[in-house]
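Student: Please find upload.cif (mmCIF, C-alpha atoms) on the next line:
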```
data_coords
#
loop_
_atom_site.group_PDB
_atom_site.id
_atom_site.type_symbol
_atom_site.label_atom_id
_atom_site.label_comp_id
_atom_site.auth_asym_id
_atom_site.auth_seq_id
_atom_site.Cartn_x
_atom_site.Cartn_y
_atom_site.Cartn_z
ATOM 1 C CA MET A 177 -17.258 32.499 -20.998
ATOM 2 C CA THR A 178 -19.760 33.007 -18.226
ATOM 3 C CA THR A 179 -19.384 36.095 -16.048
ATOM 4 C CA ALA A 180 -20.874 36.953 -12.646
ATOM 5 C CA THR A 181 -23.309 39.389 -14.194
ATOM 6 C CA SER A 182 -24.790 36.710 -16.467
ATOM 7 C CA PHE A 183 -26.498 34.989 -13.488
ATOM 8 C CA ALA A 184 -29.768 36.959 -13.447
ATOM 9 C CA PHE A 185 -32.809 36.849 -11.155
ATOM 10 C CA GLY A 186 -35.758 38.437 -12.901
ATOM 11 C CA ASN A 187 -34.342 41.479 -14.616
ATOM 12 C CA LEU A 188 -31.498 42.041 -12.141
ATOM 13 C CA PRO A 189 -28.047 40.447 -12.392
ATOM 14 C CA LEU A 190 -26.930 38.600 -9.252
ATOM 15 C CA THR A 191 -24.336 41.173 -8.181
ATOM 16 C CA ARG A 192 -26.777 44.076 -8.489
ATOM 17 C CA ARG A 193 -29.542 42.061 -6.788
ATOM 18 C CA THR A 194 -27.248 41.264 -3.882
ATOM 19 C CA THR A 195 -26.361 44.931 -3.485
ATOM 20 C CA LEU A 196 -30.028 45.951 -3.653
ATOM 21 C CA LEU A 197 -31.134 43.344 -1.109
ATOM 22 C CA ALA A 198 -28.350 44.392 1.209
ATOM 23 C CA THR A 199 -29.446 48.008 0.923
ATOM 24 C CA LEU A 200 -33.096 47.112 1.527
ATOM 25 C CA GLY A 201 -32.077 44.903 4.434
ATOM 26 C CA LEU A 202 -30.200 47.787 6.005
ATOM 27 C CA LEU A 203 -33.198 50.052 5.513
ATOM 28 C CA SER A 204 -35.508 47.449 7.061
ATOM 29 C CA THR A 205 -33.213 47.113 10.047
ATOM 30 C CA ARG A 206 -33.226 50.863 10.553
ATOM 31 C CA LEU A 207 -37.023 50.964 10.352
ATOM 32 C CA GLN A 208 -37.363 48.129 12.868
ATOM 33 C CA ALA A 209 -34.934 49.823 15.208
ATOM 34 C CA ALA A 210 -36.816 53.134 15.151
ATOM 35 C CA PRO A 211 -38.234 53.908 18.611
ATOM 36 C CA PRO A 212 -42.022 53.718 18.948
ATOM 37 C CA ALA A 213 -44.011 56.898 19.215
ATOM 38 C CA PRO A 214 -44.398 57.985 22.843
ATOM 39 C CA ALA A 215 -47.648 56.904 24.508
ATOM 40 C CA VAL A 216 -50.070 59.563 25.680
ATOM 41 C CA TRP A 217 -51.688 59.219 29.087
ATOM 42 C CA PRO A 218 -54.487 58.801 29.728
ATOM 43 C CA HIS A 219 -55.581 57.033 26.569
ATOM 44 C CA ALA A 220 -58.563 58.661 24.879
ATOM 45 C CA LEU A 221 -61.775 56.641 24.901
ATOM 46 C CA GLN A 222 -64.928 58.691 24.324
ATOM 47 C CA VAL A 223 -67.470 56.354 25.931
ATOM 48 C CA PRO A 224 -69.240 56.362 29.313
ATOM 49 C CA GLY A 225 -66.482 55.803 31.877
ATOM 50 C CA GLY A 226 -63.811 56.955 29.436
ATOM 51 C CA VAL A 227 -61.740 60.086 28.873
ATOM 52 C CA ALA A 228 -61.961 62.628 26.042
ATOM 53 C CA ARG A 229 -58.796 64.495 25.016
ATOM 54 C CA LEU A 230 -59.897 67.761 23.405
ATOM 55 C CA SER A 231 -57.452 70.046 21.632
ATOM 56 C CA LEU A 232 -57.949 73.703 22.564
ATOM 57 C CA GLY A 233 -55.309 74.982 20.153
ATOM 58 C CA PRO A 234 -52.495 77.475 20.890
ATOM 59 C CA ALA A 235 -52.640 80.260 23.473
ATOM 60 C CA ALA A 236 -50.072 82.278 25.370
ATOM 61 C CA GLU A 237 -51.706 81.370 28.686
ATOM 62 C CA ARG A 238 -53.470 78.245 29.927
ATOM 63 C CA PRO A 239 -57.175 78.490 29.052
ATOM 64 C CA LEU A 240 -59.820 77.699 31.635
ATOM 65 C CA ALA A 241 -62.384 75.049 30.738
ATOM 66 C CA HIS A 242 -65.430 73.635 32.460
ATOM 67 C CA LEU A 243 -68.415 71.352 32.086
ATOM 68 C CA THR A 244 -71.857 72.697 32.853
ATOM 69 C CA THR A 245 -73.903 70.215 34.909
ATOM 70 C CA THR A 246 -77.187 70.280 36.808
ATOM 71 C CA THR A 247 -75.231 71.085 39.979
ATOM 72 C CA GLY A 248 -73.104 73.865 38.459
ATOM 73 C CA ASP A 249 -69.874 74.319 36.515
ATOM 74 C CA VAL A 250 -67.184 71.657 36.981
ATOM 75 C CA PRO A 251 -63.573 72.738 36.238
ATOM 76 C CA LEU A 252 -61.541 70.604 33.841
ATOM 77 C CA LEU A 253 -57.887 69.612 33.787
ATOM 78 C CA VAL A 254 -56.092 71.510 31.001
ATOM 79 C CA LEU A 255 -52.476 70.630 30.197
ATOM 80 C CA GLY A 256 -50.000 71.565 27.481
ATOM 81 C CA ASP A 257 -48.105 74.668 26.434
ATOM 82 C CA ALA A 258 -48.423 77.771 24.267
ATOM 83 C CA ILE A 259 -48.253 75.608 21.119
ATOM 84 C CA GLU A 260 -51.242 73.448 22.073
ATOM 85 C CA TRP A 261 -53.444 73.036 25.127
ATOM 86 C CA THR A 262 -55.508 69.905 25.773
ATOM 87 C CA ALA A 263 -58.575 69.543 27.984
ATOM 88 C CA LEU A 264 -58.986 66.144 29.649
ATOM 89 C CA VAL A 265 -62.634 65.309 30.248
ATOM 90 C CA GLY A 266 -63.764 62.420 32.427
ATOM 91 C CA ILE A 267 -67.024 60.975 31.071
ATOM 92 C CA PRO A 268 -69.420 59.592 33.739
ATOM 93 C CA LEU A 269 -70.745 56.058 33.396
ATOM 94 C CA ALA A 270 -74.238 57.547 33.330
ATOM 95 C CA ALA A 271 -73.406 59.975 30.494
ATOM 96 C CA ALA A 272 -75.901 60.252 27.649
ATOM 97 C CA LEU A 273 -74.690 59.102 24.259
ATOM 98 C CA GLY A 274 -74.203 61.622 21.479
ATOM 99 C CA GLN A 275 -72.811 65.123 21.302
ATOM 100 C CA ALA A 276 -71.592 66.948 24.398
ATOM 101 C CA PHE A 277 -69.811 70.257 24.978
ATOM 102 C CA ILE A 278 -67.280 71.939 27.199
ATOM 103 C CA THR A 279 -66.882 75.701 27.614
ATOM 104 C CA VAL A 280 -63.439 77.255 27.163
ATOM 105 C CA GLN A 281 -62.536 80.705 28.489
ATOM 106 C CA SER A 282 -59.573 82.601 27.079
ATOM 107 C CA ALA A 283 -57.368 85.086 28.924
ATOM 108 C CA ASP A 284 -59.128 88.046 27.240
ATOM 109 C CA GLY A 285 -62.448 87.014 28.774
ATOM 110 C CA GLY A 286 -63.962 85.456 25.661
ATOM 111 C CA SER A 287 -65.563 82.010 25.684
ATOM 112 C CA ARG A 288 -66.360 79.311 23.170
ATOM 113 C CA GLN A 289 -67.732 75.777 23.123
ATOM 114 C CA VAL A 290 -65.834 72.690 22.053
ATOM 115 C CA ALA A 291 -67.904 69.683 21.032
ATOM 116 C CA TYR A 292 -67.160 65.987 21.401
ATOM 117 C CA THR A 293 -69.153 62.796 20.915
ATOM 118 C CA VAL A 294 -69.827 60.107 23.500
ATOM 119 C CA GLY A 295 -70.070 56.707 21.822
ATOM 120 C CA PRO A 296 -71.591 53.457 23.097
ATOM 121 C CA LYS A 297 -69.819 50.776 25.117
ATOM 122 C CA GLN A 298 -71.337 47.522 26.362
ATOM 123 C CA TYR A 299 -70.049 46.479 29.778
ATOM 124 C CA ARG A 300 -70.437 42.952 31.097
ATOM 125 C CA GLU A 301 -72.677 41.862 33.979
ATOM 126 C CA GLN A 302 -71.482 40.307 37.241
ATOM 127 C CA ARG A 303 -73.668 38.530 39.808
ATOM 128 C CA LEU A 304 -72.451 38.352 43.397
ATOM 129 C CA THR A 305 -73.752 36.914 46.624
ATOM 130 C CA VAL A 306 -73.003 38.928 49.755
ATOM 131 C CA ALA A 307 -74.345 39.233 53.299
ATOM 132 C CA PRO A 308 -78.037 40.232 53.105
ATOM 133 C CA GLY A 309 -77.436 43.151 55.481
ATOM 134 C CA THR A 310 -75.171 44.837 52.918
ATOM 135 C CA VAL A 311 -77.912 44.833 50.259
ATOM 136 C CA ASP A 312 -81.133 45.417 52.195
ATOM 137 C CA LEU A 313 -79.903 48.018 54.659
ATOM 138 C CA SER A 314 -81.319 48.554 58.123
ATOM 139 C CA PRO A 315 -82.520 52.088 58.912
ATOM 140 C CA GLU A 316 -79.328 52.690 60.910
ATOM 141 C CA ASP A 317 -77.084 51.493 58.073
ATOM 142 C CA GLU A 318 -79.095 53.473 55.529
ATOM 143 C CA ALA A 319 -78.628 56.635 57.566
ATOM 144 C CA ARG A 320 -74.886 55.937 57.863
ATOM 145 C CA TYR A 321 -74.596 55.382 54.130
ATOM 146 C CA GLU A 322 -76.372 58.660 53.347
ATOM 147 C CA ARG A 323 -74.017 60.582 55.656
ATOM 148 C CA GLU A 324 -70.996 58.960 54.037
ATOM 149 C CA ARG A 325 -72.304 59.588 50.522
ATOM 150 C CA ALA A 326 -72.734 63.302 51.251
ATOM 151 C CA HIS A 327 -69.214 63.482 52.680
ATOM 152 C CA LEU A 328 -67.631 61.656 49.740
ATOM 153 C CA ALA A 329 -69.509 63.876 47.277
ATOM 154 C CA THR A 330 -67.641 66.778 48.865
ATOM 155 C CA VAL A 331 -64.314 64.940 48.612
ATOM 156 C CA THR A 332 -64.760 64.412 44.866
ATOM 157 C CA THR A 333 -65.136 68.164 44.250
ATOM 158 C CA THR A 334 -61.457 68.706 45.141
ATOM 159 C CA PHE A 335 -59.598 70.689 42.463
ATOM 160 C CA SER A 336 -56.106 71.752 43.456
ATOM 161 C CA GLU A 337 -52.779 72.980 42.122
ATOM 162 C CA PRO A 338 -50.105 72.291 41.119
ATOM 163 C CA LEU A 339 -51.552 70.415 38.202
ATOM 164 C CA PRO A 340 -50.168 66.948 37.434
ATOM 165 C CA GLN A 341 -47.716 66.763 34.546
ATOM 166 C CA ALA A 342 -47.019 63.023 34.240
ATOM 167 C CA LEU A 343 -50.298 61.091 34.078
ATOM 168 C CA ARG A 344 -48.993 57.587 33.491
ATOM 169 C CA MET A 345 -49.883 55.615 36.622
ATOM 170 C CA GLN A 346 -48.433 52.448 38.087
ATOM 171 C CA VAL A 347 -50.711 49.655 39.279
ATOM 172 C CA PRO A 348 -51.028 50.145 43.066
ATOM 173 C CA VAL A 349 -50.764 46.451 43.917
ATOM 174 C CA PRO A 350 -49.656 43.376 41.947
ATOM 175 C CA GLY A 351 -52.334 40.783 41.317
ATOM 176 C CA ARG A 352 -55.048 39.479 39.048
ATOM 177 C CA ARG A 353 -57.845 41.797 38.011
ATOM 178 C CA SER A 354 -60.806 40.082 39.594
ATOM 179 C CA SER A 355 -63.408 42.570 38.419
ATOM 180 C CA SER A 356 -63.114 45.180 35.721
ATOM 181 C CA PHE A 357 -64.404 48.721 35.502
ATOM 182 C CA GLY A 358 -67.978 49.243 34.314
ATOM 183 C CA LEU A 359 -69.404 45.840 35.224
ATOM 184 C CA ARG A 360 -73.115 45.929 35.868
ATOM 185 C CA ARG A 361 -73.316 44.605 39.434
ATOM 186 C CA VAL A 362 -76.148 42.380 40.662
ATOM 187 C CA PHE A 363 -75.993 41.684 44.406
ATOM 188 C CA ASN A 364 -78.208 38.863 45.666
ATOM 189 C CA GLY A 365 -80.343 39.216 42.549
ATOM 190 C CA GLN A 366 -80.748 43.002 42.893
ATOM 191 C CA ALA A 367 -79.239 45.332 40.283
ATOM 192 C CA ARG A 368 -76.982 48.076 41.618
ATOM 193 C CA ASN A 369 -74.805 50.820 40.143
ATOM 194 C CA PRO A 370 -72.083 49.739 37.685
ATOM 195 C CA HIS A 371 -68.679 48.928 39.122
ATOM 196 C CA SER A 372 -66.801 52.219 39.247
ATOM 197 C CA GLY A 373 -63.262 50.939 39.725
ATOM 198 C CA MET A 374 -60.761 48.162 39.114
ATOM 199 C CA ASP A 375 -60.627 45.217 41.538
ATOM 200 C CA ILE A 376 -57.247 43.549 41.980
ATOM 201 C CA ALA A 377 -57.121 40.244 43.869
ATOM 202 C CA ALA A 378 -54.248 40.016 46.363
ATOM 203 C CA ALA A 379 -53.583 38.510 49.764
ATOM 204 C CA THR A 380 -54.525 40.393 52.910
ATOM 205 C CA GLY A 381 -51.603 42.553 54.012
ATOM 206 C CA THR A 382 -50.114 43.077 50.542
ATOM 207 C CA PRO A 383 -48.776 46.669 50.399
ATOM 208 C CA VAL A 384 -50.820 49.176 48.415
ATOM 209 C CA ARG A 385 -48.775 51.968 46.829
ATOM 210 C CA ALA A 386 -49.572 55.359 45.361
ATOM 211 C CA PRO A 387 -50.003 55.051 41.564
ATOM 212 C CA LEU A 388 -48.996 58.690 41.108
ATOM 213 C CA ALA A 389 -47.686 61.434 43.354
ATOM 214 C CA GLY A 390 -50.456 62.975 45.424
ATOM 215 C CA LYS A 391 -51.753 64.342 48.699
ATOM 216 C CA VAL A 392 -53.943 62.355 51.091
ATOM 217 C CA ILE A 393 -57.250 64.237 51.317
ATOM 218 C CA ASP A 394 -59.432 61.682 53.126
ATOM 219 C CA THR A 395 -59.230 58.452 55.079
ATOM 220 C CA GLY A 396 -61.952 56.550 56.891
ATOM 221 C CA ASP A 397 -63.930 53.378 57.490
ATOM 222 C CA TYR A 398 -66.998 53.427 55.237
ATOM 223 C CA PHE A 399 -70.001 51.104 55.151
ATOM 224 C CA PHE A 400 -69.548 49.786 51.619
ATOM 225 C CA ASN A 401 -65.915 50.717 50.937
ATOM 226 C CA GLY A 402 -64.400 49.668 54.259
ATOM 227 C CA ASN A 403 -61.072 51.254 55.154
ATOM 228 C CA THR A 404 -60.445 53.831 52.433
ATOM 229 C CA VAL A 405 -57.791 56.340 51.318
ATOM 230 C CA TRP A 406 -58.259 59.178 48.824
ATOM 231 C CA LEU A 407 -55.327 60.786 46.994
ATOM 232 C CA ASP A 408 -55.453 64.147 45.222
ATOM 233 C CA HIS A 409 -53.134 64.252 42.186
ATOM 234 C CA GLY A 410 -54.116 67.818 41.244
ATOM 235 C CA GLY A 411 -56.477 69.371 38.707
ATOM 236 C CA GLY A 412 -59.484 67.287 39.718
ATOM 237 C CA LEU A 413 -57.658 63.960 39.251
ATOM 238 C CA LEU A 414 -58.187 61.738 42.323
ATOM 239 C CA SER A 415 -57.615 58.103 43.283
ATOM 240 C CA MET A 416 -59.568 56.035 45.817
ATOM 241 C CA PHE A 417 -58.383 52.799 47.484
ATOM 242 C CA CYS A 418 -60.940 50.657 49.315
ATOM 243 C CA HIS A 419 -61.325 47.559 51.531
ATOM 244 C CA LEU A 420 -57.892 48.069 53.136
ATOM 245 C CA SER A 421 -56.812 45.994 56.114
ATOM 246 C CA ALA A 422 -54.546 48.847 57.249
ATOM 247 C CA ILE A 423 -54.190 52.550 56.525
ATOM 248 C CA ASN A 424 -50.590 53.787 56.790
ATOM 249 C CA VAL A 425 -51.168 57.481 56.017
ATOM 250 C CA GLN A 426 -53.177 60.364 57.372
ATOM 251 C CA THR A 427 -54.907 63.352 55.845
ATOM 252 C CA GLY A 428 -52.368 65.925 54.686
ATOM 253 C CA ASP A 429 -49.566 63.477 53.909
ATOM 254 C CA VAL A 430 -47.857 64.028 50.542
ATOM 255 C CA LEU A 431 -46.790 60.834 48.786
ATOM 256 C CA HIS A 432 -44.434 60.141 45.926
ATOM 257 C CA ALA A 433 -45.456 57.566 43.316
ATOM 258 C CA GLY A 434 -44.748 54.106 44.720
ATOM 259 C CA GLU A 435 -44.976 55.056 48.395
ATOM 260 C CA ARG A 436 -47.034 52.770 50.626
ATOM 261 C CA LEU A 437 -50.443 54.046 51.719
ATOM 262 C CA GLY A 438 -52.023 50.912 53.158
ATOM 263 C CA ALA A 439 -52.510 47.170 52.784
ATOM 264 C CA VAL A 440 -54.990 44.930 50.963
ATOM 265 C CA GLY A 441 -57.893 43.699 53.060
ATOM 266 C CA ALA A 442 -61.527 42.611 53.056
ATOM 267 C CA THR A 443 -63.280 45.423 54.934
ATOM 268 C CA GLY A 444 -66.668 46.781 53.851
ATOM 269 C CA ARG A 445 -68.907 44.931 51.368
ATOM 270 C CA VAL A 446 -66.635 42.315 49.808
ATOM 271 C CA THR A 447 -66.542 38.643 48.873
ATOM 272 C CA GLY A 448 -62.827 38.271 49.668
ATOM 273 C CA PRO A 449 -59.579 40.195 50.067
ATOM 274 C CA HIS A 450 -58.786 42.536 47.189
ATOM 275 C CA LEU A 451 -58.075 46.168 46.367
ATOM 276 C CA HIS A 452 -60.772 48.305 44.816
ATOM 277 C CA TRP A 453 -59.055 51.160 42.970
ATOM 278 C CA SER A 454 -61.024 54.042 41.478
ATOM 279 C CA VAL A 455 -59.877 57.064 39.477
ATOM 280 C CA SER A 456 -61.997 60.224 39.428
ATOM 281 C CA LEU A 457 -61.527 62.990 36.848
ATOM 282 C CA ASN A 458 -63.668 66.150 37.057
ATOM 283 C CA ARG A 459 -65.907 64.269 39.550
ATOM 284 C CA ALA A 460 -66.520 61.359 37.145
ATOM 285 C CA MET A 461 -65.323 57.843 37.878
ATOM 286 C CA VAL A 462 -63.305 56.710 34.850
ATOM 287 C CA ASP A 463 -61.535 53.501 33.893
ATOM 288 C CA PRO A 464 -58.139 53.258 35.663
ATOM 289 C CA ALA A 465 -56.903 51.073 32.789
ATOM 290 C CA LEU A 466 -56.683 54.208 30.633
ATOM 291 C CA PHE A 467 -53.864 55.478 32.867
ATOM 292 C CA ILE A 468 -51.678 52.350 32.938
ATOM 293 C CA PRO A 469 -49.775 50.279 30.346
ATOM 294 C CA ALA A 470 -51.799 47.487 28.769
#
```
Kindly present the structure from the file in structure tokens form.

Tutor:
Amino acid sequence: MTTATSFAFGNLPLTRRTTLLATLGLLSTRLQAAPPAPAVWPHALQVPGGVARLSLGPAAERPLAHLTTTTGDVPLLVLGDAIEWTALVGIPLAAALGQAFITVQSADGGSRQVAYTVGPKQYREQRLTVAPGTVDLSPEDEARYERERAHLATVTTTFSEPLPQALRMQVPVPGRRSSSFGLRRVFNGQARNPHSGMDIAAATGTPVRAPLAGKVIDTGDYFFNGNTVWLDHGGGLLSMFCHLSAINVQTGDVLHAGERLGAVGATGRVTGPHLHWSVSLNRAMVDPALFIPA
């Protein structure tokens, strides 16, 4: 007489196989239901225009860290706790490839160097046609640009407390990315500096909102950038919003993430209405995409 256990699959009787598959199925379900590991912001990308995340190890107090540049020491954003501190290093688009160093100072006055490597990244090229007067500047416009460049160089040196704790940003305006960070720009056949921000196409008047809590440290109408707002998020992390049709804040205002700061426009050197959004970390323009969900 045939019994249930005589129906075999491979070396396992049917009843045992059923029990095993059920157990494995339950295990698979549990594995699929496990929550994903939390994302870390900003994402690390050790290339020109990227961000290096450098572990400084444990310490009872927050270490101080800086980059040494031709213009002096630049303080770095250091976050974490006594178990592990992390230095966040913005890598300029013009950074040399290969090994680089930061200097870390401990509470007892000692110092050490931490090395990291800057790898290659090939950015695309974009050719644009704009008004000739915004490429070959008149003496008056050239003088204005130089004054504005000196002023903005001062703005980018801002390093304030409190330091930011949550670094995940929200996109400041909905829309299609019309130009990505790092593009090599060619205006009217003339090569210019790489694109140092993210362009988001949107209709004139669309509200622009703070991607992260911050303090307004500068507003103005600039030759290339048009109507512009700068936000200080703390610790040398800044955001810049350009080509606005309206500015709805003033210097000194403190904004929560998501609060309106202006509206999309087409002021300055542009080919159409859009938002140019830049993120600066330790005075280096870095890819905003590293701070937002994919």

Student: CA of Thr330 (chain A) to CA of His450 (chain A): how many Å, to one decimal?

Tutor: 25.9 Å

Student: Could you tell me which residues the PyMOL selection byres ((chain A and resi 284-289) around 12) returns for this structure, as a PyMOL selection string?

Tutor: chain A and resi 230-232+235-244+275-283+290-292

Student: For the provided coordinates, the residues matched by the PyMOL selection byres ((chain A and resi 357) around 8) should be stated as a list in words.

Tutor: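 Selection result, ordered by chain and number: Ser355, Ser356, Gly358, Leu359, His371, Ser372, Gly373, Met374, Asp375, Asp463 and Pro464 of chain A.
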
Student: Counting only C-alpha atoms, I want the residues whose atoms come within 7 Å of (-70.8, 58.0, 22.0) in the file frame, returned as a list in words.

Tutor: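 All residues meeting the 7 Å criterion around (-70.8, 58.0, 22.0) are Gln222, Val223, Leu273, Gly274, Thr293, Val294, Gly295 and Pro296 of chain A.
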
Student: Could you check how far CA of Gly402 (chain A) sits from CA of Pro449 (chain A), in Å to one decimal?

Tutor: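 A separation of 11.4 Å between them.
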
Student: Which of these, A:Thr443, A:Thr246, A:Ser336, A:Ser456, has the shortest distance to Tyr398 (chain A) once you count only C-alpha atoms?

Tutor: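 Of the candidates, the smallest distance to Tyr398 (chain A) is held by A:Thr443.
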
Student: Need the shell around region 266-270 of chain A: protein/DNA/RNA residues with any atom at most 10 Å away, counting all atoms listed in the file. Skip same-chain ones fewer than 5 positions apart. Format as a PyMOL selection string?

Tutor: chain A and resi 220-229+252-253+294+297+357-358+369-372+412-413+455-463

Student: Decode the PyMOL selection byres ((chain A and resi 218) around 8) for the given file into explicit residues and return them as a PDB file with C-alpha atoms, in the frame of the given file.

Tutor:
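The new file part_15.pdb reads:
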```pdb
ATOM      1  CA  VAL A 216     -50.070  59.563  25.680  1.00  0.00           C
ATOM      2  CA  TRP A 217     -51.688  59.219  29.087  1.00  0.00           C
ATOM      3  CA  HIS A 219     -55.581  57.033  26.569  1.00  0.00           C
ATOM      4  CA  ALA A 220     -58.563  58.661  24.879  1.00  0.00           C
ATOM      5  CA  VAL A 227     -61.740  60.086  28.873  1.00  0.00           C
ATOM      6  CA  LEU A 343     -50.298  61.091  34.078  1.00  0.00           C
ATOM      7  CA  ARG A 344     -48.993  57.587  33.491  1.00  0.00           C
ATOM      8  CA  LEU A 466     -56.683  54.208  30.633  1.00  0.00           C
ATOM      9  CA  PHE A 467     -53.864  55.478  32.867  1.00  0.00           C
ATOM     10  CA  ILE A 468     -51.678  52.350  32.938  1.00  0.00           C
TER      11      ILE A 468
END
```

Student: Find the residue from A:Arg300, A:Arg353, A:His327, A:Arg385 that sits nearest to Gly434 (chain A); use only C-alpha atoms when measuring.

Tutor: A:Arg385

Student: Could you work out how far CA of Leu328 (chain A) lies from CA of Thr382 (chain A), giving the answer in Å with one decimal?

Tutor: 25.5 Å

Student: Which of these, A:Phe400, A:Val250, A:His452, A:Val425, has the shortest distance to Arg325 (chain A) once you count only C-alpha atoms?

Tutor: A:Phe400

Student: Extract, using only C-alpha atoms, all DNA, RNA and protein residues at most 10 Å from Val430 (chain A), discarding same-chain residues fewer than 4 positions from it, and format them as a PyMOL selection string.

Tutor: chain A and resi 389-393+407-409+425-426+435

Student: Skipping near chain neighbours, those fewer than 6 positions away, what residues fall within 9 Å of Ala378 (chain A) using all atoms listed in the file, listed as a tab-separated table (two decimals) with C-alpha atoms, keeping the file's coordinate frame?

Tutor:
```tsv
chain	number	residue	atom	x	y	z
A	349	VAL	CA	-50.76	46.45	43.92
A	350	PRO	CA	-49.66	43.38	41.95
A	351	GLY	CA	-52.33	40.78	41.32
A	352	ARG	CA	-55.05	39.48	39.05
A	440	VAL	CA	-54.99	44.93	50.96
A	441	GLY	CA	-57.89	43.70	53.06
A	449	PRO	CA	-59.58	40.20	50.07
A	450	HIS	CA	-58.79	42.54	47.19
A	451	LEU	CA	-58.08	46.17	46.37
```

Student: Using all atoms listed in the file for the distances, tell me which of A:Ile259, A:Cys418, A:Ala465, A:Ala379 is nearest to Phe399 (chain A).

Tutor: A:Cys418

Student: Would you mind telling me which residue in A:Ala342, A:Leu414, A:Ala326, A:Val347 lies nearest to Gly256 (chain A) when using only C-alpha atoms?

Tutor: A:Ala342
